[in-house]
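Pasted below: input-v9.txt, compact mmCIF, C-alpha atoms and all ligand atoms.
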```txt
# COMPACT_ATOMS: atom_id res chain seq x y z
CA MET A 12 3.11 13.40 -17.07
CA GLY A 13 5.96 13.18 -14.60
CA ALA A 14 4.10 14.41 -11.52
CA VAL A 15 5.59 13.67 -8.14
CA ILE A 16 3.58 13.43 -4.94
CA GLU A 17 5.55 14.97 -2.10
CA ILE A 18 4.55 14.57 1.51
CA ASN A 19 6.79 16.59 3.78
CA GLU A 20 6.70 16.50 7.58
CA LEU A 21 2.93 16.20 7.32
CA THR A 22 1.02 16.20 10.59
CA LYS A 23 -2.70 16.20 11.39
CA ARG A 24 -4.11 16.37 14.88
CA TYR A 25 -7.72 15.95 15.93
CA GLY A 26 -7.70 17.15 19.53
CA SER A 27 -5.53 14.66 21.35
CA VAL A 28 -5.48 12.20 18.41
CA ILE A 29 -2.51 12.46 16.06
CA ALA A 30 -3.86 10.94 12.85
CA VAL A 31 -0.72 11.73 10.82
CA ASP A 32 2.55 12.29 12.60
CA GLY A 33 5.44 13.94 10.75
CA LEU A 34 5.08 11.87 7.59
CA THR A 35 7.64 12.37 4.82
CA PHE A 36 7.80 10.43 1.55
CA THR A 37 7.47 10.83 -2.22
CA ALA A 38 5.59 8.83 -4.84
CA HIS A 39 7.00 8.80 -8.35
CA PRO A 40 5.63 8.64 -11.90
CA GLY A 41 5.64 5.33 -13.73
CA GLN A 42 5.13 3.41 -10.52
CA VAL A 43 2.32 2.02 -8.44
CA THR A 44 3.08 3.09 -4.88
CA GLY A 45 1.28 0.98 -2.29
CA PHE A 46 0.29 2.98 0.79
CA LEU A 47 -0.04 0.32 3.44
CA GLY A 48 -1.00 0.38 7.07
CA PRO A 49 -3.48 -1.13 9.50
CA ASN A 50 -6.85 0.51 10.18
CA GLY A 51 -6.43 3.93 11.69
CA ALA A 52 -2.84 4.31 10.48
CA GLY A 53 -3.60 7.67 8.86
CA LYS A 54 -3.87 6.71 5.19
CA THR A 55 -7.23 8.34 4.44
CA THR A 56 -6.29 11.47 6.37
CA THR A 57 -3.07 11.77 4.33
CA MET A 58 -4.98 11.40 1.06
CA ARG A 59 -7.57 13.93 2.13
CA MET A 60 -4.83 16.45 2.90
CA LEU A 61 -3.31 15.83 -0.54
CA LEU A 62 -6.69 16.66 -2.05
CA GLY A 63 -7.16 19.78 0.07
CA LEU A 64 -10.15 18.23 1.85
CA ASN A 65 -8.40 18.44 5.23
CA THR A 66 -5.98 21.13 6.29
CA PRO A 67 -2.66 19.92 7.70
CA THR A 68 -1.83 20.93 11.25
CA SER A 69 1.70 21.32 9.90
CA GLY A 70 3.79 20.19 6.94
CA THR A 71 2.83 19.99 3.28
CA ALA A 72 1.24 17.60 0.79
CA THR A 73 1.84 18.62 -2.82
CA VAL A 74 1.92 17.44 -6.42
CA ASN A 75 4.89 18.85 -8.33
CA GLY A 76 5.33 21.37 -5.56
CA ARG A 77 1.77 22.72 -5.80
CA ARG A 78 -1.16 22.23 -3.47
CA PHE A 79 -4.23 20.60 -5.01
CA ARG A 80 -6.40 23.66 -4.41
CA ASP A 81 -3.98 25.70 -6.55
CA PHE A 82 -4.78 23.58 -9.60
CA GLY A 83 -7.67 25.22 -11.41
CA THR A 84 -9.45 22.24 -12.94
CA GLY A 85 -8.61 19.61 -10.35
CA LEU A 86 -9.62 16.46 -12.18
CA ARG A 87 -7.13 17.14 -14.99
CA HIS A 88 -4.29 17.07 -12.48
CA VAL A 89 -5.26 14.56 -9.82
CA GLY A 90 -7.95 11.90 -9.98
CA ALA A 91 -9.08 10.26 -6.77
CA LEU A 92 -11.33 7.59 -5.37
CA LEU A 93 -11.77 8.08 -1.64
CA ASP A 94 -15.18 6.75 -0.69
CA ALA A 95 -17.19 4.91 -3.34
CA ASN A 96 -20.41 5.55 -1.42
CA ASP A 97 -19.92 9.29 -1.35
CA VAL A 98 -22.08 9.88 -4.44
CA HIS A 99 -25.59 11.13 -5.11
CA LYS A 100 -27.53 7.83 -5.18
CA GLY A 101 -30.51 9.25 -7.05
CA ARG A 102 -28.42 10.20 -10.08
CA THR A 103 -27.52 8.00 -12.99
CA ALA A 104 -23.86 7.20 -13.57
CA ASN A 105 -24.02 9.30 -16.75
CA ALA A 106 -25.45 12.32 -14.90
CA HIS A 107 -22.88 12.01 -12.10
CA LEU A 108 -19.93 11.90 -14.50
CA ALA A 109 -21.39 14.51 -16.87
CA ALA A 110 -21.73 17.02 -14.02
CA LEU A 111 -18.10 16.49 -13.05
CA ALA A 112 -16.97 16.71 -16.68
CA ARG A 113 -18.79 20.03 -17.03
CA SER A 114 -17.40 21.57 -13.85
CA ASN A 115 -13.87 20.51 -14.75
CA GLY A 116 -14.06 21.67 -18.38
CA LEU A 117 -13.80 18.16 -19.80
CA PRO A 118 -15.43 16.94 -23.03
CA ARG A 119 -18.73 15.06 -22.57
CA ARG A 120 -17.40 12.10 -24.56
CA ARG A 121 -15.12 11.27 -21.61
CA VAL A 122 -18.18 10.01 -19.70
CA GLN A 123 -18.77 7.02 -21.97
CA GLU A 124 -15.02 6.45 -22.43
CA VAL A 125 -14.34 6.04 -18.71
CA LEU A 126 -17.48 3.95 -18.18
CA GLU A 127 -16.18 1.57 -20.87
CA THR A 128 -12.74 1.52 -19.26
CA VAL A 129 -14.16 0.33 -15.95
CA GLY A 130 -16.57 -2.19 -17.44
CA LEU A 131 -19.73 -0.14 -16.83
CA GLY A 132 -20.30 0.72 -20.49
CA ASP A 133 -23.91 -0.50 -20.34
CA ALA A 134 -24.75 0.91 -16.91
CA GLY A 135 -24.58 4.65 -17.63
CA LYS A 136 -28.36 5.12 -17.58
CA ARG A 137 -28.87 3.28 -14.29
CA ARG A 138 -29.24 5.01 -10.96
CA ILE A 139 -26.21 4.73 -8.69
CA GLY A 140 -28.50 3.77 -5.80
CA GLY A 141 -29.06 0.42 -7.51
CA PHE A 142 -25.34 -0.28 -7.95
CA SER A 143 -23.54 -2.99 -5.96
CA LEU A 144 -20.52 -1.89 -3.89
CA GLY A 145 -18.27 -3.36 -6.58
CA MET A 146 -20.04 -1.29 -9.27
CA ARG A 147 -19.69 1.82 -7.10
CA GLN A 148 -15.97 1.16 -6.74
CA ARG A 149 -15.74 0.91 -10.53
CA LEU A 150 -17.70 4.15 -10.88
CA GLY A 151 -15.32 5.78 -8.38
CA ILE A 152 -12.37 4.62 -10.48
CA ALA A 153 -14.12 5.99 -13.60
CA THR A 154 -14.50 9.33 -11.83
CA ALA A 155 -10.79 9.40 -11.00
CA LEU A 156 -9.94 8.71 -14.65
CA LEU A 157 -12.33 11.32 -16.09
CA GLY A 158 -9.75 14.10 -16.46
CA ASP A 159 -7.01 11.76 -17.78
CA PRO A 160 -4.77 13.00 -14.92
CA PRO A 161 -1.08 12.25 -14.37
CA VAL A 162 -1.70 11.48 -10.69
CA LEU A 163 -4.22 8.97 -9.36
CA LEU A 164 -5.11 8.32 -5.73
CA PHE A 165 -7.15 5.28 -4.77
CA ASP A 166 -8.17 4.69 -1.14
CA GLU A 167 -8.90 1.00 -0.54
CA PRO A 168 -10.17 0.64 -4.13
CA VAL A 169 -10.73 -3.10 -4.18
CA ASN A 170 -13.11 -3.22 -1.20
CA GLY A 171 -16.25 -4.89 -2.46
CA LEU A 172 -14.73 -6.15 -5.70
CA ASP A 173 -14.91 -9.87 -6.45
CA PRO A 174 -11.74 -11.81 -7.37
CA GLU A 175 -12.19 -11.05 -11.07
CA GLY A 176 -12.72 -7.37 -10.21
CA ILE A 177 -9.60 -7.34 -8.03
CA ARG A 178 -7.54 -8.76 -10.87
CA TRP A 179 -9.00 -6.23 -13.26
CA ALA A 180 -8.18 -3.33 -10.88
CA ARG A 181 -4.64 -4.59 -10.39
CA GLU A 182 -4.07 -4.71 -14.15
CA LEU A 183 -5.60 -1.28 -14.60
CA PHE A 184 -3.28 0.25 -11.96
CA ARG A 185 -0.27 -1.39 -13.58
CA ARG A 186 -1.33 -0.08 -16.99
CA LEU A 187 -1.86 3.45 -15.66
CA ALA A 188 1.63 3.41 -14.13
CA ALA A 189 3.11 2.00 -17.35
CA GLU A 190 1.63 5.06 -19.11
CA GLY A 191 3.86 7.20 -16.88
CA ARG A 192 1.29 8.18 -14.26
CA THR A 193 1.87 8.36 -10.53
CA VAL A 194 -0.47 5.76 -9.07
CA PHE A 195 -0.95 5.85 -5.30
CA VAL A 196 -3.08 3.07 -3.81
CA SER A 197 -3.89 2.51 -0.15
CA SER A 198 -4.68 -0.81 1.46
CA HIS A 199 -4.55 -2.49 4.83
CA LEU A 200 -3.67 -5.83 3.21
CA MET A 201 -0.26 -6.70 1.86
CA SER A 202 -1.86 -9.42 -0.30
CA GLU A 203 -3.57 -6.68 -2.31
CA MET A 204 -0.27 -4.94 -2.93
CA GLU A 205 2.23 -7.69 -3.52
CA HIS A 206 1.26 -8.20 -7.15
CA THR A 207 0.43 -4.56 -7.79
CA ALA A 208 2.90 -2.17 -6.20
CA ASP A 209 6.42 -1.31 -7.33
CA HIS A 210 7.09 0.65 -4.20
CA LEU A 211 5.74 0.49 -0.65
CA VAL A 212 5.12 3.24 1.85
CA VAL A 213 4.12 1.62 5.13
CA VAL A 214 2.57 3.64 7.94
CA GLY A 215 1.49 2.80 11.47
CA GLY A 216 0.14 5.13 14.12
CA GLY A 217 0.48 8.03 11.68
CA LYS A 218 4.23 7.50 11.30
CA LEU A 219 6.34 6.24 8.44
CA ILE A 220 7.73 2.81 9.15
CA ALA A 221 9.00 1.70 5.73
CA ASP A 222 9.60 3.36 2.38
CA GLU A 223 11.26 1.05 -0.10
CA PRO A 224 10.82 -0.89 -3.35
CA LEU A 225 8.54 -3.91 -3.02
CA ALA A 226 11.41 -6.06 -4.26
CA THR A 227 13.58 -4.97 -1.31
CA PHE A 228 10.79 -5.67 1.14
CA ALA A 229 10.13 -9.07 -0.46
CA ALA A 230 13.79 -10.07 -0.53
CA ARG A 231 14.07 -9.44 3.18
CA ALA A 232 10.72 -10.95 4.08
CA THR A 233 11.17 -14.19 2.22
CA THR A 234 14.70 -14.82 3.45
CA GLY A 235 13.38 -17.46 5.72
CA GLN A 236 14.78 -19.29 8.65
CA VAL A 237 15.62 -22.94 9.00
CA VAL A 238 14.61 -24.60 12.23
CA VAL A 239 16.59 -27.72 13.13
CA ARG A 240 15.87 -30.31 15.78
CA THR A 241 19.06 -32.04 16.83
CA PRO A 242 20.39 -33.79 19.93
CA ALA A 243 23.67 -31.86 19.40
CA PRO A 244 22.63 -28.23 18.97
CA GLU A 245 25.93 -26.70 20.10
CA ALA A 246 28.00 -28.87 17.75
CA LEU A 247 25.75 -28.19 14.80
CA ALA A 248 25.64 -24.45 15.55
CA ARG A 249 29.47 -24.40 15.37
CA VAL A 250 29.48 -26.17 12.01
CA LEU A 251 26.84 -23.83 10.59
CA HIS A 252 28.70 -20.76 11.86
CA GLU A 253 31.87 -21.94 10.15
CA ALA A 254 29.89 -22.34 6.91
CA GLY A 255 28.76 -18.71 7.12
CA GLY A 256 25.31 -19.17 8.62
CA ALA A 257 23.94 -17.49 11.70
CA ALA A 258 22.79 -20.20 14.07
CA GLN A 259 21.16 -19.61 17.39
CA VAL A 260 20.46 -22.31 19.91
CA THR A 261 16.79 -21.70 20.63
CA GLY A 262 15.93 -24.68 22.79
CA HIS A 263 17.17 -27.80 24.46
CA GLU A 264 17.31 -29.65 21.14
CA SER A 265 16.74 -26.99 18.55
CA ILE A 266 18.50 -24.22 16.68
CA THR A 267 17.28 -21.52 14.34
CA VAL A 268 19.42 -20.77 11.32
CA THR A 269 19.51 -17.85 8.93
CA GLY A 270 21.74 -17.36 5.91
CA LEU A 271 21.67 -21.02 4.85
CA THR A 272 19.04 -23.05 3.05
CA ALA A 273 17.50 -26.20 4.53
CA ALA A 274 19.41 -28.25 1.94
CA GLN A 275 22.72 -26.66 2.96
CA VAL A 276 21.99 -27.33 6.63
CA ASN A 277 21.22 -30.98 5.83
CA GLU A 278 24.40 -31.41 3.82
CA LEU A 279 26.59 -29.78 6.46
CA ALA A 280 25.08 -31.95 9.19
CA PHE A 281 25.67 -35.05 7.08
CA THR A 282 29.27 -34.09 6.17
CA HIS A 283 30.15 -33.31 9.78
CA ARG A 284 28.33 -36.36 11.13
CA VAL A 285 25.96 -34.42 13.36
CA MET A 286 22.66 -36.18 13.92
CA VAL A 287 19.55 -34.16 12.99
CA HIS A 288 15.96 -35.20 13.61
CA GLU A 289 14.18 -32.54 11.64
CA VAL A 290 15.06 -29.66 9.31
CA THR A 291 12.24 -27.25 8.51
CA ALA A 292 12.40 -24.23 6.20
CA ARG A 293 10.26 -21.33 7.38
CA GLY A 294 9.92 -18.83 4.55
CA GLY A 295 7.88 -15.90 5.78
CA THR A 296 5.11 -14.55 3.58
CA LEU A 297 4.96 -10.86 2.73
CA GLU A 298 1.77 -10.61 4.77
CA ASP A 299 3.64 -12.04 7.81
CA ALA A 300 6.42 -9.52 7.33
CA PHE A 301 3.94 -6.67 6.99
CA MET A 302 2.08 -7.70 10.15
CA GLU A 303 5.34 -7.92 12.04
CA LEU A 304 6.38 -4.52 10.78
CA THR A 305 3.13 -2.80 11.72
CA ALA A 306 2.87 -4.60 15.06
CA ASP A 307 6.15 -2.88 15.92
CA SER A 308 4.71 0.47 14.88
CA VAL A 309 2.02 0.24 17.51
CA GLN A 310 4.80 0.61 20.03
CA TYR A 311 6.37 3.33 17.88
CA ARG A 312 9.49 1.33 17.31
CA ALA A 313 10.29 2.47 13.79
CA GLY A 314 13.58 0.59 13.79
CA SER A 315 15.98 -0.14 10.98
CA LEU A 316 13.44 -0.95 8.29
CA ALA A 317 12.42 2.64 7.74
CA SER A 318 14.42 4.72 5.33
CA GLY A 319 14.40 8.44 5.56
CA GLY A 320 11.70 9.38 7.96
CA ALA A 321 11.03 6.89 10.67
CA GLY A 322 9.90 8.24 13.94
CA ARG A 323 9.93 11.85 12.89
N1 LIG A 401 -12.46 13.81 11.54
C1 LIG A 401 -11.81 13.13 12.50
N2 LIG A 401 -11.96 13.43 13.79
C2 LIG A 401 -11.31 12.77 14.77
N3 LIG A 401 -10.45 11.76 14.53
C3 LIG A 401 -10.24 11.40 13.27
C4 LIG A 401 -10.90 12.06 12.17
N4 LIG A 401 -10.50 11.47 11.02
C5 LIG A 401 -9.63 10.51 11.37
N5 LIG A 401 -9.48 10.44 12.70
C6 LIG A 401 -8.61 9.52 13.44
O1 LIG A 401 -7.32 9.58 12.87
C7 LIG A 401 -6.73 8.29 12.82
C8 LIG A 401 -6.34 7.95 11.38
O2 LIG A 401 -7.51 7.72 10.62
P1 LIG A 401 -7.51 7.40 9.07
O3 LIG A 401 -8.91 7.22 8.64
O4 LIG A 401 -6.70 8.39 8.35
O5 LIG A 401 -6.75 6.01 9.04
P2 LIG A 401 -6.67 4.93 7.86
O6 LIG A 401 -5.27 4.47 7.82
O7 LIG A 401 -7.24 5.48 6.61
O8 LIG A 401 -7.55 3.78 8.43
P3 LIG A 401 -8.70 2.87 7.72
O9 LIG A 401 -7.97 1.79 7.00
O10 LIG A 401 -9.45 2.37 8.91
O11 LIG A 401 -9.51 3.78 6.85
C9 LIG A 401 -7.72 7.35 13.44
O12 LIG A 401 -7.38 7.20 14.80
C10 LIG A 401 -9.03 8.08 13.31
O13 LIG A 401 -9.92 7.70 14.31
```
So that I can check it, write out the structure of this file as structure tokens.
Ligand SMILES: Nc1ncnc2c1ncn2[C@@H]1O[C@H](COP(=O)(O)OP(=O)(O)OP(=O)(O)O)[C@@H](O)[C@H]1O
Amino acid sequence: MGAVIEINELTKRYGSVIAVDGLTFTAHPGQVTGFLGPNGAGKTTTMRMLLGLNTPTSGTATVNGRRFRDFGTGLRHVGALLDANDVHKGRTANAHLAALARSNGLPRRRVQEVLETVGLGDAGKRRIGGFSLGMRQRLGIATALLGDPPVLLFDEPVNGLDPEGIRWARELFRRLAAEGRTVFVSSHLMSEMEHTADHLVVVGGGKLIADEPLATFAARATTGQVVVRTPAPEALARVLHEAGGAAQVTGHESITVTGLTAAQVNELAFTHRVMVHEVTARGGTLEDAFMELTADSVQYRAGSLASGGAGR
């Protein structure tokens, strides 16, 4: 255990397309790292380079300083689910896993163990072609777990899972991290990550745009604004400033306040005898914050939210 994923100045070009653009970050053991970004952000390409399936144009992608292809029996070191449909449909789940166990020098008993872990304990003898997408995702997760590896990569693993399946996957990822593994999970939806990830790596247009604990992201995102409608915006703005809030007159009869709660704004208005017509708290959701963040990335404005790698 204790394996660190290190991505250093990683770049991948396809002709004129830069899929991954100077990406640098690390993912640590004992944590679920959420790898977030809109479609086409470069997540799959990054994971494929980590697994030696694509060659970087420049930069490195390593686990504990070693490239994946330098690990002899790969599945013991890194387990991955990239594309749940990338399996031989005519095979049974047992045959699929047994072949991988053999080629990676793993005991045959692991096949049934991982099938049980993912809730497919009774499906081993069925052909994969007859599996639903959700079952294929579970089989893909079983494949990743086969070698009991310290590093796990999952690319959009909950696609096709029903709500119960999503909850199950989330708990599994948390458990795997609690065992000391490095769990790296990509998604294009913040809602899939906000109850799963400890740490977020956000990418857009192939570049890093945020790399921070989920708690830091959440604290900033949910520090909402208070919008006030008042016939005396200038007077109220002065009062709120004096109380330590940041108040901006945003319209003829409205101001937007940060740094104070709606209750504080109400009390200050009352104490200072400033008439207010409406006080509305606008707490942003994490999804809102994520969309805002990645919308910026489209224009390659990495800005102050990135730590240690934006725009490189
Ligand atoms: N083999 C390839 N040839 C040409 N362009 C590619 C290739 N693979 C990826 N790309 C391009 O690189 C960019 C990043 O793609 P990638 O699949 O890594 O993004 P992603 O973040 O995983 O997106 P998604 O959520 O849609 O899977 C996209 O513009 C994509 O079209």
Practice task
Identify the residues within 12 Å of coordinate (-8.5, 7.3, -6.1) (same frame as the file), considering all atoms listed in the file, and give the answer as a PyMOL selection string.
Solution key: chain A and resi 46+55+58-59+61-62+86+89-95+148-157+160+162-169+180+184+193-198
Prev. selection, C-alpha atoms, output as a compact mmCIF listing (two decimals), in the coordinates of the input:
```
# COMPACT_ATOMS: atom_id res chain seq x y z
CA PHE A 46 0.29 2.98 0.79
CA THR A 55 -7.23 8.34 4.44
CA MET A 58 -4.98 11.40 1.06
CA ARG A 59 -7.57 13.93 2.13
CA LEU A 61 -3.31 15.83 -0.54
CA LEU A 62 -6.69 16.66 -2.05
CA LEU A 86 -9.62 16.46 -12.18
CA VAL A 89 -5.26 14.56 -9.82
CA GLY A 90 -7.95 11.90 -9.98
CA ALA A 91 -9.08 10.26 -6.77
CA LEU A 92 -11.33 7.59 -5.37
CA LEU A 93 -11.77 8.08 -1.64
CA ASP A 94 -15.18 6.75 -0.69
CA ALA A 95 -17.19 4.91 -3.34
CA GLN A 148 -15.97 1.16 -6.74
CA ARG A 149 -15.74 0.91 -10.53
CA LEU A 150 -17.70 4.15 -10.88
CA GLY A 151 -15.32 5.78 -8.38
CA ILE A 152 -12.37 4.62 -10.48
CA ALA A 153 -14.12 5.99 -13.60
CA THR A 154 -14.50 9.33 -11.83
CA ALA A 155 -10.79 9.40 -11.00
CA LEU A 156 -9.94 8.71 -14.65
CA LEU A 157 -12.33 11.32 -16.09
CA PRO A 160 -4.77 13.00 -14.92
CA VAL A 162 -1.70 11.48 -10.69
CA LEU A 163 -4.22 8.97 -9.36
CA LEU A 164 -5.11 8.32 -5.73
CA PHE A 165 -7.15 5.28 -4.77
CA ASP A 166 -8.17 4.69 -1.14
CA GLU A 167 -8.90 1.00 -0.54
CA PRO A 168 -10.17 0.64 -4.13
CA VAL A 169 -10.73 -3.10 -4.18
CA ALA A 180 -8.18 -3.33 -10.88
CA PHE A 184 -3.28 0.25 -11.96
CA THR A 193 1.87 8.36 -10.53
CA VAL A 194 -0.47 5.76 -9.07
CA PHE A 195 -0.95 5.85 -5.30
CA VAL A 196 -3.08 3.07 -3.81
CA SER A 197 -3.89 2.51 -0.15
CA SER A 198 -4.68 -0.81 1.46
```
Box along x, y and z, 5 Å on every side, all listed atoms of ligand LIG 401 (chain A) inside: centre and edge lengths in Å to one decimal, as JSON.
```
{"center_x": -8.9, "center_y": 7.8, "center_z": 10.7, "size_x": 17.2, "size_y": 22.0, "size_z": 18.2}
```
Exercise for the section: Write as an MDAnalysis selection string the residues around ligand LIG 401 (chain A), taking 7 Å as the cut-off and counting only C-alpha atoms and all ligand atoms. Expected result: chainID A and resid 25 28:31 48:57 198:199 217
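Distance annotation: of A:Leu34, A:Met146, A:Leu251, A:Leu117, the residue with the minimal separation from A:Asp159 is A:Leu117; atom set is all atoms listed in the file.
The two atoms in question, atom CA of A:Gly130 and atom CA of A:Arg181, are spaced 14.1 Å apart.
Near stretch 64-77 of chain A, within 7 Å and counting only C-alpha atoms, sit Ala14, Val15, Ile16, Glu17, Ile18, Asn19, Glu20, Leu21, Thr22, Lys23, Arg24 and Arg59 of chain A, not including residues fewer than 5 positions from it in the same chain.
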Can I get stretch 279-297 of chain A with N, CA and C atoms filled in, as a PDB file, keeping the file's coordinate frame?
```
ATOM      1  N   LEU A 279      25.535 -30.058   5.479  1.00  0.00           N
ATOM      2  CA  LEU A 279      26.590 -29.780   6.460  1.00  0.00           C
ATOM      3  C   LEU A 279      26.491 -30.755   7.637  1.00  0.00           C
ATOM      4  N   ALA A 280      25.273 -31.023   8.074  1.00  0.00           N
ATOM      5  CA  ALA A 280      25.080 -31.950   9.190  1.00  0.00           C
ATOM      6  C   ALA A 280      25.575 -33.346   8.789  1.00  0.00           C
ATOM      7  N   PHE A 281      25.253 -33.729   7.575  1.00  0.00           N
ATOM      8  CA  PHE A 281      25.670 -35.050   7.080  1.00  0.00           C
ATOM      9  C   PHE A 281      27.199 -35.125   6.992  1.00  0.00           C
ATOM     10  N   THR A 282      27.817 -34.100   6.366  1.00  0.00           N
ATOM     11  CA  THR A 282      29.270 -34.090   6.170  1.00  0.00           C
ATOM     12  C   THR A 282      30.006 -34.122   7.507  1.00  0.00           C
ATOM     13  N   HIS A 283      29.459 -33.396   8.485  1.00  0.00           N
ATOM     14  CA  HIS A 283      30.150 -33.310   9.780  1.00  0.00           C
ATOM     15  C   HIS A 283      29.622 -34.330  10.785  1.00  0.00           C
ATOM     16  N   ARG A 284      28.827 -35.231  10.314  1.00  0.00           N
ATOM     17  CA  ARG A 284      28.330 -36.360  11.130  1.00  0.00           C
ATOM     18  C   ARG A 284      27.636 -35.878  12.402  1.00  0.00           C
ATOM     19  N   VAL A 285      26.796 -34.856  12.222  1.00  0.00           N
ATOM     20  CA  VAL A 285      25.960 -34.420  13.360  1.00  0.00           C
ATOM     21  C   VAL A 285      24.546 -34.924  13.103  1.00  0.00           C
ATOM     22  N   MET A 286      24.013 -35.617  14.067  1.00  0.00           N
ATOM     23  CA  MET A 286      22.660 -36.180  13.920  1.00  0.00           C
ATOM     24  C   MET A 286      21.617 -35.063  13.904  1.00  0.00           C
ATOM     25  N   VAL A 287      20.694 -35.084  12.936  1.00  0.00           N
ATOM     26  CA  VAL A 287      19.550 -34.160  12.990  1.00  0.00           C
ATOM     27  C   VAL A 287      18.260 -34.972  12.908  1.00  0.00           C
ATOM     28  N   HIS A 288      17.258 -34.507  13.623  1.00  0.00           N
ATOM     29  CA  HIS A 288      15.960 -35.200  13.610  1.00  0.00           C
ATOM     30  C   HIS A 288      14.970 -34.537  12.671  1.00  0.00           C
ATOM     31  N   GLU A 289      15.149 -33.248  12.471  1.00  0.00           N
ATOM     32  CA  GLU A 289      14.180 -32.540  11.640  1.00  0.00           C
ATOM     33  C   GLU A 289      14.805 -31.236  11.154  1.00  0.00           C
ATOM     34  N   VAL A 290      14.585 -30.933   9.864  1.00  0.00           N
ATOM     35  CA  VAL A 290      15.060 -29.660   9.310  1.00  0.00           C
ATOM     36  C   VAL A 290      13.877 -29.021   8.591  1.00  0.00           C
ATOM     37  N   THR A 291      13.447 -27.877   9.070  1.00  0.00           N
ATOM     38  CA  THR A 291      12.240 -27.250   8.510  1.00  0.00           C
ATOM     39  C   THR A 291      12.542 -25.841   8.015  1.00  0.00           C
ATOM     40  N   ALA A 292      12.222 -25.590   6.742  1.00  0.00           N
ATOM     41  CA  ALA A 292      12.400 -24.230   6.200  1.00  0.00           C
ATOM     42  C   ALA A 292      11.171 -23.420   6.544  1.00  0.00           C
ATOM     43  N   ARG A 293      11.393 -22.219   7.068  1.00  0.00           N
ATOM     44  CA  ARG A 293      10.260 -21.330   7.380  1.00  0.00           C
ATOM     45  C   ARG A 293      10.407 -20.049   6.586  1.00  0.00           C
ATOM     46  N   GLY A 294       9.884 -20.053   5.364  1.00  0.00           N
ATOM     47  CA  GLY A 294       9.920 -18.830   4.550  1.00  0.00           C
ATOM     48  C   GLY A 294       8.737 -17.979   4.931  1.00  0.00           C
ATOM     49  N   GLY A 295       8.982 -16.769   5.386  1.00  0.00           N
ATOM     50  CA  GLY A 295       7.880 -15.900   5.780  1.00  0.00           C
ATOM     51  C   GLY A 295       7.135 -15.396   4.547  1.00  0.00           C
ATOM     52  N   THR A 296       5.839 -15.177   4.678  1.00  0.00           N
ATOM     53  CA  THR A 296       5.110 -14.550   3.580  1.00  0.00           C
ATOM     54  C   THR A 296       5.242 -13.031   3.724  1.00  0.00           C
ATOM     55  N   LEU A 297       4.918 -12.321   2.665  1.00  0.00           N
ATOM     56  CA  LEU A 297       4.960 -10.860   2.730  1.00  0.00           C
ATOM     57  C   LEU A 297       3.953 -10.352   3.754  1.00  0.00           C
TER      58      LEU A 297
END
```
